[in-house]
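**Student:** Hey, dropping protein_0.json in here, JSON, C-alpha atoms:
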```json
[["chain", "number", "residue", "atom", "x", "y", "z"],
["U", 1017, "MET", "CA", 5.08, -4.53, -37.28],
["U", 1018, "GLY", "CA", 8.28, -4.90, -35.25],
["U", 1019, "LYS", "CA", 7.17, -2.06, -33.02],
["U", 1020, "ASP", "CA", 3.82, -3.76, -32.45],
["U", 1021, "THR", "CA", 5.43, -7.06, -31.44],
["U", 1022, "SER", "CA", 7.72, -5.38, -28.94],
["U", 1023, "LYS", "CA", 4.77, -3.47, -27.50],
["U", 1024, "GLN", "CA", 2.84, -6.74, -27.23],
["U", 1025, "ASP", "CA", 5.86, -8.41, -25.58],
["U", 1026, "ASN", "CA", 6.12, -5.58, -23.11],
["U", 1027, "GLN", "CA", 2.46, -5.90, -22.20],
["U", 1028, "ASP", "CA", 2.76, -9.66, -21.83],
["U", 1029, "GLN", "CA", 5.67, -9.16, -19.49],
["U", 1030, "ASN", "CA", 3.72, -6.64, -17.44],
["U", 1031, "ASN", "CA", 0.76, -8.99, -17.18],
["U", 1032, "GLN", "CA", 3.04, -11.81, -16.18],
["U", 1033, "SER", "CA", 4.83, -9.84, -13.48],
["U", 1034, "SER", "CA", 1.54, -8.67, -11.96],
["U", 1035, "LEU", "CA", 0.35, -12.28, -12.04],
["U", 1036, "VAL", "CA", 3.53, -13.48, -10.31],
["U", 1037, "GLN", "CA", 3.13, -10.72, -7.73],
["U", 1038, "LYS", "CA", -0.43, -11.75, -7.02],
["U", 1039, "ILE", "CA", 0.46, -15.41, -6.65],
["U", 1040, "GLN", "CA", 3.33, -14.51, -4.32],
["U", 1041, "GLN", "CA", 1.25, -12.25, -2.13],
["U", 1042, "LEU", "CA", -2.18, -13.85, -2.11],
["U", 1043, "GLY", "CA", -1.46, -17.42, -3.20],
["U", 1044, "GLN", "CA", -4.00, -17.15, -6.00],
["U", 1045, "SER", "CA", -4.17, -15.77, -9.51],
["U", 1046, "THR", "CA", -7.56, -14.06, -9.69],
["U", 1047, "VAL", "CA", -9.48, -12.24, -7.05],
["U", 1048, "PRO", "CA", -13.29, -12.28, -7.36],
["U", 1049, "GLN", "CA", -15.01, -8.96, -8.05],
["U", 1050, "ALA", "CA", -18.30, -8.07, -6.41],
["U", 1051, "PRO", "CA", -20.78, -5.16, -6.35],
["U", 1052, "ASP", "CA", -20.70, -2.37, -3.75],
["U", 1053, "SER", "CA", -21.33, -3.54, -0.22],
["U", 1054, "ASN", "CA", -23.88, -2.01, 2.14],
["U", 1055, "ILE", "CA", -22.01, -3.58, 5.03],
["U", 1056, "HIS", "CA", -18.62, -2.30, 6.08],
["U", 1057, "VAL", "CA", -16.00, -4.15, 8.09],
["U", 1058, "LEU", "CA", -13.87, -2.67, 10.85],
["U", 1059, "PRO", "CA", -10.95, -4.97, 11.62],
["U", 1060, "ILE", "CA", -9.31, -4.48, 15.01],
["U", 1061, "ILE", "CA", -6.14, -6.55, 15.00],
["U", 1062, "GLY", "CA", -2.96, -6.77, 17.05],
["U", 1063, "GLN", "CA", -2.38, -4.22, 19.78],
["U", 1064, "ILE", "CA", -4.63, -1.21, 20.18],
["U", 1065, "GLU", "CA", -2.30, 1.72, 19.82],
["U", 1066, "GLY", "CA", -3.25, 4.90, 21.62],
["U", 1067, "HIS", "CA", -1.25, 7.80, 23.00],
["U", 1068, "VAL", "CA", 2.14, 6.09, 22.68],
["U", 1069, "GLN", "CA", 3.60, 4.89, 19.40],
["U", 1070, "LEU", "CA", 4.56, 1.24, 19.81],
["U", 1071, "PRO", "CA", 7.83, -0.19, 18.44],
["U", 1072, "PRO", "CA", 7.45, -1.06, 14.75],
["U", 1073, "GLN", "CA", 7.70, -4.84, 15.14],
["U", 1074, "ASN", "CA", 4.29, -4.80, 16.88],
["U", 1075, "LYS", "CA", 1.22, -5.31, 14.77],
["U", 1076, "THR", "CA", -1.11, -2.52, 15.83],
["U", 1077, "THR", "CA", -4.45, -0.94, 15.12],
["U", 1078, "LYS", "CA", -4.16, 2.81, 15.44],
["U", 1079, "TYR", "CA", -7.23, 4.50, 16.86],
["U", 1080, "GLU", "CA", -6.60, 7.67, 14.87],
["U", 1081, "HIS", "CA", -7.12, 5.53, 11.76],
["U", 1082, "LEU", "CA", -10.35, 3.96, 12.98],
["U", 1083, "ILE", "CA", -12.20, 6.88, 14.52],
["U", 1084, "PRO", "CA", -12.51, 8.87, 11.25],
["U", 1085, "GLN", "CA", -13.65, 5.66, 9.55],
["U", 1086, "ILE", "CA", -16.42, 5.22, 12.14],
["U", 1087, "VAL", "CA", -17.53, 8.81, 11.52],
["U", 1088, "ALA", "CA", -17.51, 8.14, 7.75],
["U", 1089, "ILE", "CA", -19.64, 5.03, 8.29],
["U", 1090, "GLU", "CA", -22.18, 7.03, 10.29],
["U", 1091, "GLN", "CA", -22.28, 9.72, 7.62],
["U", 1092, "ASN", "CA", -22.44, 7.58, 4.45],
["U", 1093, "PRO", "CA", -26.10, 6.76, 3.64],
["U", 1094, "LYS", "CA", -25.01, 3.81, 1.45],
["U", 1095, "ILE", "CA", -23.59, 1.99, 4.46],
["U", 1096, "GLU", "CA", -26.35, 0.22, 6.36],
["U", 1097, "GLY", "CA", -24.42, -1.91, 8.83],
["U", 1098, "LEU", "CA", -21.02, -2.55, 10.38],
["U", 1099, "ILE", "CA", -19.21, -5.73, 11.31],
["U", 1100, "VAL", "CA", -16.37, -5.39, 13.82],
["U", 1101, "LEU", "CA", -13.75, -8.13, 13.50],
["U", 1102, "LEU", "CA", -11.72, -8.53, 16.66],
["U", 1103, "ASN", "CA", -8.46, -10.35, 17.11],
["U", 1104, "THR", "CA", -6.60, -8.27, 19.62],
["U", 1105, "VAL", "CA", -4.33, -8.74, 22.60],
["U", 1106, "GLY", "CA", -5.55, -5.51, 24.16],
["U", 1107, "GLY", "CA", -3.66, -2.26, 24.46],
["U", 1108, "ASP", "CA", -4.25, 1.35, 25.45],
["U", 1109, "VAL", "CA", -7.25, 1.63, 27.80],
["U", 1110, "GLU", "CA", -8.33, 5.08, 26.69],
["U", 1111, "ALA", "CA", -7.94, 4.31, 22.98],
["U", 1112, "GLY", "CA", -9.92, 1.10, 23.47],
["U", 1113, "LEU", "CA", -12.67, 2.86, 25.41],
["U", 1114, "ALA", "CA", -12.76, 5.61, 22.77],
["U", 1115, "LEU", "CA", -13.31, 3.01, 20.05],
["U", 1116, "SER", "CA", -15.93, 1.22, 22.16],
["U", 1117, "GLU", "CA", -17.87, 4.43, 22.75],
["U", 1118, "MET", "CA", -17.68, 5.36, 19.06],
["U", 1119, "ILE", "CA", -19.04, 1.96, 18.00],
["U", 1120, "ALA", "CA", -21.71, 1.97, 20.73],
["U", 1121, "SER", "CA", -22.96, 5.40, 19.65],
["U", 1122, "LEU", "CA", -23.30, 4.53, 15.95],
["U", 1123, "SER", "CA", -26.93, 4.83, 14.82],
["U", 1124, "LYS", "CA", -26.51, 1.96, 12.32],
["U", 1125, "PRO", "CA", -26.79, -1.72, 13.26],
["U", 1126, "THR", "CA", -23.47, -3.22, 14.39],
["U", 1127, "VAL", "CA", -22.33, -6.79, 15.00],
["U", 1128, "SER", "CA", -18.96, -7.97, 16.32],
["U", 1129, "ILE", "CA", -17.13, -11.26, 15.89],
["U", 1130, "VAL", "CA", -14.36, -12.26, 18.29],
["U", 1131, "LEU", "CA", -11.86, -14.38, 16.35],
["U", 1132, "GLY", "CA", -8.79, -15.89, 17.94],
["U", 1133, "GLY", "CA", -8.66, -13.53, 20.88],
["U", 1134, "GLY", "CA", -10.40, -10.46, 22.22],
["U", 1135, "HIS", "CA", -8.34, -9.87, 25.32],
["U", 1136, "SER", "CA", -8.31, -7.14, 27.96],
["U", 1137, "ILE", "CA", -9.50, -3.89, 26.32],
["U", 1138, "GLY", "CA", -10.84, -6.05, 23.46],
["U", 1139, "VAL", "CA", -13.67, -7.04, 25.84],
["U", 1140, "PRO", "CA", -15.39, -3.60, 25.93],
["U", 1141, "ILE", "CA", -14.95, -3.30, 22.15],
["U", 1142, "ALA", "CA", -16.57, -6.72, 21.62],
["U", 1143, "VAL", "CA", -19.61, -5.82, 23.74],
["U", 1144, "SER", "CA", -19.99, -2.30, 22.31],
["U", 1145, "THR", "CA", -21.91, -3.54, 19.26],
["U", 1146, "ASP", "CA", -25.68, -4.21, 19.11],
["U", 1147, "TYR", "CA", -25.03, -7.95, 18.95],
["U", 1148, "SER", "CA", -21.81, -9.87, 19.58],
["U", 1149, "PHE", "CA", -20.54, -13.22, 18.40],
["U", 1150, "ILE", "CA", -17.57, -15.31, 19.43],
["U", 1151, "VAL", "CA", -16.20, -18.24, 17.42],
["U", 1152, "PRO", "CA", -15.94, -21.46, 19.48],
["U", 1153, "THR", "CA", -12.12, -21.40, 19.56],
["U", 1154, "ALA", "CA", -11.71, -17.72, 20.46],
["U", 1155, "THR", "CA", -10.76, -16.63, 23.96],
["U", 1156, "MET", "CA", -11.12, -13.47, 25.98],
["U", 1157, "THR", "CA", -8.79, -12.75, 28.87],
["U", 1158, "ILE", "CA", -10.40, -10.71, 31.60],
["U", 1159, "HIS", "CA", -7.89, -9.29, 34.03],
["U", 1160, "PRO", "CA", -7.18, -6.13, 36.04],
["U", 1161, "ILE", "CA", -5.63, -3.23, 34.09],
["U", 1162, "ARG", "CA", -1.95, -2.44, 34.46],
["U", 1163, "LEU", "CA", 0.15, 0.66, 34.47],
["U", 1164, "THR", "CA", 3.55, 0.96, 32.84],
["U", 1165, "GLY", "CA", 6.15, 3.71, 33.07],
["U", 1166, "LEU", "CA", 6.75, 6.01, 36.00],
["U", 1167, "VAL", "CA", 4.56, 5.13, 38.96],
["U", 1168, "ILE", "CA", 4.48, 7.50, 41.92],
["U", 1169, "GLY", "CA", 4.21, 5.59, 45.17],
["U", 1170, "VAL", "CA", 1.24, 7.41, 46.65],
["U", 1171, "PRO", "CA", -2.30, 6.19, 47.45],
["U", 1172, "GLN", "CA", -3.63, 8.44, 44.66],
["U", 1173, "THR", "CA", -1.93, 6.19, 42.09],
["U", 1174, "PHE", "CA", -4.02, 3.30, 43.27],
["U", 1175, "GLU", "CA", -7.17, 5.40, 43.23],
["U", 1176, "TYR", "CA", -6.41, 6.51, 39.68],
["U", 1177, "LEU", "CA", -5.93, 2.90, 38.60],
["U", 1178, "ASP", "CA", -9.11, 1.88, 40.41],
["U", 1179, "LYS", "CA", -11.11, 4.61, 38.64],
["U", 1180, "MET", "CA", -9.78, 3.51, 35.27],
["U", 1181, "GLN", "CA", -10.73, -0.07, 36.11],
["U", 1182, "GLU", "CA", -14.20, 1.11, 37.09],
["U", 1183, "ARG", "CA", -14.66, 2.78, 33.68],
["U", 1184, "VAL", "CA", -13.94, -0.53, 31.92],
["U", 1185, "ILE", "CA", -16.23, -2.50, 34.25],
["U", 1186, "ASN", "CA", -19.07, 0.02, 33.88],
["U", 1187, "PHE", "CA", -18.87, -0.02, 30.11],
["U", 1188, "VAL", "CA", -18.95, -3.82, 29.94],
["U", 1189, "LYS", "CA", -21.80, -3.96, 32.46],
["U", 1190, "GLN", "CA", -23.88, -1.46, 30.48],
["U", 1191, "HIS", "CA", -23.33, -3.06, 27.10],
["U", 1192, "SER", "CA", -23.58, -6.77, 27.90],
["U", 1193, "ASP", "CA", -25.73, -9.09, 29.99],
["U", 1194, "ILE", "CA", -22.99, -9.99, 32.46],
["U", 1195, "GLU", "CA", -23.55, -9.15, 36.13],
["U", 1196, "GLU", "CA", -21.02, -6.78, 37.67],
["U", 1197, "GLU", "CA", -20.28, -9.29, 40.42],
["U", 1198, "LYS", "CA", -19.61, -12.08, 37.92],
["U", 1199, "PHE", "CA", -17.35, -9.88, 35.82],
["U", 1200, "LYS", "CA", -15.37, -8.85, 38.89],
["U", 1201, "ASP", "CA", -15.12, -12.48, 39.99],
["U", 1202, "LEU", "CA", -13.62, -13.39, 36.62],
["U", 1203, "MET", "CA", -11.33, -10.38, 36.68],
["U", 1204, "PHE", "CA", -9.88, -11.05, 40.11],
["U", 1205, "ALA", "CA", -9.83, -14.86, 39.97],
["U", 1206, "LYS", "CA", -6.63, -16.56, 41.10],
["U", 1207, "GLY", "CA", -5.01, -19.68, 39.72],
["U", 1208, "ASN", "CA", -6.40, -19.48, 36.18],
["U", 1209, "LEU", "CA", -3.65, -17.51, 34.50],
["U", 1210, "THR", "CA", 0.01, -18.30, 34.94],
["U", 1211, "ARG", "CA", 1.67, -15.60, 37.02],
["U", 1212, "ASP", "CA", -1.35, -13.32, 36.79],
["U", 1213, "ILE", "CA", -4.80, -12.63, 38.18],
["U", 1214, "GLY", "CA", -7.82, -13.05, 35.93],
["U", 1215, "THR", "CA", -9.63, -15.60, 33.76],
["U", 1216, "ASN", "CA", -9.28, -16.80, 30.21],
["U", 1217, "VAL", "CA", -12.85, -17.23, 28.95],
["U", 1218, "VAL", "CA", -13.25, -19.52, 25.93],
["U", 1219, "GLY", "CA", -16.00, -19.28, 23.24],
["U", 1220, "ALA", "CA", -19.14, -20.83, 24.68],
["U", 1221, "ASP", "CA", -18.21, -19.81, 28.26],
["U", 1222, "ALA", "CA", -18.27, -16.13, 27.26],
["U", 1223, "VAL", "CA", -21.86, -16.68, 26.10],
["U", 1224, "LYS", "CA", -22.72, -18.60, 29.30],
["U", 1225, "TYR", "CA", -21.51, -15.68, 31.47],
["U", 1226, "GLY", "CA", -23.60, -13.24, 29.41],
["U", 1227, "LEU", "CA", -20.57, -11.37, 28.15],
["U", 1228, "ILE", "CA", -21.15, -12.23, 24.49],
["U", 1229, "ASP", "CA", -24.57, -12.78, 22.90],
["U", 1230, "ASP", "CA", -23.95, -15.89, 20.82],
["U", 1231, "VAL", "CA", -21.44, -18.40, 19.48],
["U", 1232, "GLY", "CA", -20.97, -18.05, 15.73],
["U", 1233, "GLY", "CA", -18.85, -16.94, 12.82],
["U", 1234, "VAL", "CA", -19.26, -15.05, 9.56],
["U", 1235, "MET", "CA", -22.54, -16.66, 8.51],
["U", 1236, "GLU", "CA", -24.30, -16.02, 11.83],
["U", 1237, "ALA", "CA", -22.93, -12.49, 12.04],
["U", 1238, "MET", "CA", -24.02, -11.62, 8.49],
["U", 1239, "SER", "CA", -27.53, -12.99, 8.90],
["U", 1240, "LYS", "CA", -27.93, -11.24, 12.27],
["U", 1241, "LEU", "CA", -26.71, -7.97, 10.78],
["U", 1242, "ASN", "CA", -29.09, -8.32, 7.84],
["U", 1243, "ASP", "CA", -31.94, -8.95, 10.31],
["U", 1244, "LEU", "CA", -31.02, -5.84, 12.27],
["U", 1245, "ILE", "CA", -30.80, -3.76, 9.06],
["U", 1246, "GLU", "CA", -34.22, -5.05, 8.02],
["U", 1247, "LYS", "CA", -35.71, -4.13, 11.42],
["U", 1248, "GLU", "CA", -34.10, -0.68, 11.25],
["U", 1249, "LYS", "CA", -35.65, -0.12, 7.81],
["U", 1250, "GLN", "CA", -39.08, -1.20, 9.02],
["U", 1251, "SER", "CA", -39.00, 1.06, 12.05],
["U", 1252, "GLY", "CA", -37.84, 3.92, 9.80],
["U", 1253, "GLU", "CA", -40.86, 3.35, 7.55],
["U", 1254, "MET", "CA", -43.23, 3.30, 10.52],
["U", 1255, "LEU", "CA", -41.89, 6.66, 11.71],
["U", 1256, "GLN", "CA", -42.63, 8.17, 8.31],
["G", 368, "MET", "CA", 26.86, -19.48, 18.81],
["G", 369, "ILE", "CA", 24.19, -21.51, 20.59],
["G", 370, "LEU", "CA", 22.09, -19.85, 23.28],
["G", 371, "TYR", "CA", 20.15, -21.72, 25.95],
["G", 372, "THR", "CA", 17.94, -19.20, 27.71],
["G", 373, "PRO", "CA", 14.29, -18.51, 28.51],
["G", 374, "LEU", "CA", 14.70, -15.00, 27.08],
["G", 375, "THR", "CA", 13.43, -14.24, 23.61],
["G", 376, "GLU", "CA", 15.74, -13.41, 20.73],
["G", 377, "TYR", "CA", 14.60, -9.77, 20.89],
["G", 378, "GLU", "CA", 15.46, -9.42, 24.55],
["G", 379, "ILE", "CA", 19.06, -10.40, 23.79],
["G", 380, "PHE", "CA", 19.75, -8.86, 20.42],
["G", 381, "GLY", "CA", 17.13, -6.10, 20.39],
["G", 382, "VAL", "CA", 15.30, -5.00, 17.28],
["G", 383, "ASP", "CA", 16.92, -3.02, 14.52],
["G", 384, "GLN", "CA", 14.87, 0.19, 14.59],
["G", 385, "ASN", "CA", 15.97, 1.08, 11.05],
["G", 386, "ALA", "CA", 14.53, -2.13, 9.66],
["G", 387, "PHE", "CA", 11.12, -0.46, 9.53],
["G", 388, "ALA", "CA", 12.28, 3.07, 8.72],
["G", 389, "ASN", "CA", 11.20, 2.76, 5.07],
["G", 390, "ARG", "CA", 7.58, 2.07, 6.01],
["G", 391, "GLN", "CA", 4.92, 4.76, 5.98],
["G", 392, "PHE", "CA", 1.21, 5.41, 5.58],
["G", 393, "ILE", "CA", 0.16, 7.11, 2.36],
["G", 394, "ASN", "CA", -3.14, 8.02, 0.78],
["G", 395, "ILE", "CA", -4.16, 6.53, -2.57],
["G", 396, "ASN", "CA", -7.51, 7.63, -4.02],
["G", 397, "GLY", "CA", -8.72, 8.53, -0.53],
["G", 398, "ARG", "CA", -7.75, 5.21, 0.99],
["G", 399, "THR", "CA", -5.08, 4.88, 3.64],
["G", 400, "VAL", "CA", -2.42, 2.37, 2.66],
["G", 401, "HIS", "CA", 0.60, 1.15, 4.61],
["G", 402, "VAL", "CA", 3.53, 0.97, 2.20],
["G", 403, "GLU", "CA", 7.21, 0.11, 2.13],
["G", 404, "ARG", "CA", 9.63, 2.10, -0.01],
["G", 405, "ASN", "CA", 11.65, -0.08, -2.37],
["G", 406, "ASN", "CA", 15.25, 0.57, -3.37],
["G", 407, "ASP", "CA", 14.21, 1.98, -6.74],
["G", 408, "GLY", "CA", 11.95, 4.62, -5.13],
["G", 409, "SER", "CA", 8.69, 2.81, -5.82],
["G", 410, "PHE", "CA", 6.36, 1.61, -3.04],
["G", 411, "SER", "CA", 5.05, -1.88, -2.27],
["G", 412, "ILE", "CA", 1.68, -2.12, -0.55],
["G", 413, "LEU", "CA", 1.83, -3.90, 2.81],
["G", 414, "GLN", "CA", -1.65, -3.28, 4.17],
["G", 415, "LEU", "CA", -4.84, -1.51, 3.20],
["G", 416, "ILE", "CA", -6.71, 0.35, 5.93],
["G", 417, "SER", "CA", -10.35, 0.48, 4.86],
["G", 418, "THR", "CA", -13.76, -0.54, 6.13],
["G", 419, "ASP", "CA", -15.17, -1.26, 2.66],
["G", 420, "PRO", "CA", -14.82, -5.01, 2.11],
["G", 421, "GLN", "CA", -14.89, -4.44, -1.66],
["G", 422, "ASP", "CA", -11.67, -2.42, -1.46],
["G", 423, "PHE", "CA", -9.95, -5.62, -0.42],
["G", 424, "LEU", "CA", -11.03, -7.22, -3.70],
["G", 425, "ASP", "CA", -9.66, -4.31, -5.71],
["G", 426, "GLU", "CA", -6.35, -5.37, -7.20],
["G", 427, "THR", "CA", -5.05, -1.80, -6.99],
["G", 428, "TYR", "CA", -4.73, -2.17, -3.23],
["G", 429, "ALA", "CA", -3.71, -5.84, -3.05],
["G", 430, "PRO", "CA", -0.72, -6.48, -0.79],
["G", 431, "GLY", "CA", 2.49, -6.61, -2.83],
["G", 432, "THR", "CA", 1.23, -4.31, -5.58],
["G", 433, "ILE", "CA", 3.97, -1.94, -6.61],
["G", 434, "ILE", "CA", 3.10, 1.70, -7.05],
["G", 435, "SER", "CA", 5.52, 4.05, -8.76],
["G", 436, "GLY", "CA", 7.05, 6.86, -6.70],
["G", 437, "HIS", "CA", 5.90, 10.45, -6.95]]
```
Would you encode the structure as structure tokens?

**Tutor:**
Amino acid sequence: MGKDTSKQDNQDQNNQSSLVQKIQQLGQSTVPQAPDSNIHVLPIIGQIEGHVQLPPQNKTTKYEHLIPQIVAIEQNPKIEGLIVLLNTVGGDVEAGLALSEMIASLSKPTVSIVLGGGHSIGVPIAVSTDYSFIVPTATMTIHPIRLTGLVIGVPQTFEYLDKMQERVINFVKQHSDIEEEKFKDLMFAKGNLTRDIGTNVVGADAVKYGLIDDVGGVMEAMSKLNDLIEKEKQSGEMLQ
Amino acid sequence: MILYTPLTEYEIFGVDQNAFANRQFININGRTVHVERNNDGSFSILQLISTDPQDFLDETYAPGTIISGH
């Protein structure tokens, strides 16, 4: 009897400590449970970390974490669609372009939502999906790429930078409705950013320029993705 | 000491690199999880890296959950 009570006490304590933990971390006591999802979410937050490990105080998304996940999404027949959530300040150009190309070459329907900010290399990632959304308060900074570290003072350095810039511009041009001229105008605009060249494009403006497809949040993105999944299924049936 | 400067705190004092030395990525049931090692050798979950939205509803991977050491 005594043993039973102490066991019960122990369990109560365990339950209580897990409850306290949950309240401390999530601010709530129970988390809702739901069935398996046919839609997966790829969050791209903070800096996009590529070839160089960033100092630990930075919040980063590591591309070596995401690329295998994208492959897994392509491979798993239970996953029918992907939502890309973007709130990034930019980062490594090649890591960002790698992610963009991976998302663009997925066979499954994809939708992106730009939340907060989708700056710099976040722009090609945002447009890489089949359909893109931006929330009204989100912004996207479009500006020329930069080089850090050792720079050799030869004309080739500029050419290298120019080529890299061209890769970003071409990708955005191919995957969105924006005209190359317009994108370059925004990229090289003066007087918009403090101490820098470029433009900060806010929500509806990104749609006006043709960079993003529509203004909207979770609801719009989910219904668009479900539409795309439905269309994909129908075309699959027709092929058979 | 009172500082009056446009520089950030980090630019003056720098960041203690060891402050994050006890953080690492581990694999739990095939899911990548960013964890912090506690003083008693157990791990606290900081972040779950997954594309399955249902994983985020699984209490096993909720931030703050303590997992016992190996």

**Student:** Could you tell me how far CA of Thr1210 in chain U lies from CA of Ser1116 in chain U, in Å and to one decimal?

**Tutor:** 28.3 Å

**Student:** Select all residues from chain U having any atom no more than 6 Å from an atom of chain G (counting all atoms listed in the file, ignoring ligands), output as a PyMOL selection string.

**Tutor:** chain U and resi 1041+1056-1058

**Student:** Please provide as a list of chain:residue names all residues within 8 Å of range 1219-1223 of chain U, with the sequence filter that same-chain residues fewer than 4 positions apart are discarded (counting only C-alpha atoms).

**Tutor:**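 Result of the neighbour search: U:Ile1150, U:Val1151, U:Pro1152, U:Thr1153, U:Ala1154, U:Thr1155, U:Met1156, U:Leu1227, U:Ile1228, U:Asp1229, U:Asp1230, U:Val1231.
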
**Student:** Please provide the set of residues having any atom within 6 Å of range 404-410 of chain G, restricted to all atoms listed in the file, with same-chain residues fewer than 4 positions apart removed, written as a PyMOL selection string.

**Tutor:** chain G and resi 389+433-436

**Student:** In terms of the shortest atom-to-atom distance over all atoms listed in the file, which of G:Thr427, G:His401, G:Asn396, G:Tyr371 is closest to Leu415 in chain G?

**Tutor:**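 Of G:Thr427, G:His401, G:Asn396, G:Tyr371, the one nearest Leu415 in chain G is G:His401, counting all atoms listed in the file.
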
**Student:** Check the smallest atom-to-atom distance from each of G:Ile369, G:Gly381, G:Ser411, G:Tyr428 to Arg398 in chain G using all atoms listed in the file, then report the winner.

**Tutor:**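 Checking each candidate against Arg398 in chain G, we get G:Tyr428 as the closest.
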
**Student:** Would you compute the distance between CA of Phe1187 in chain U and CA of Ser1144 in chain U? Give it in Å to one decimal.

**Tutor:** 8.2 Å
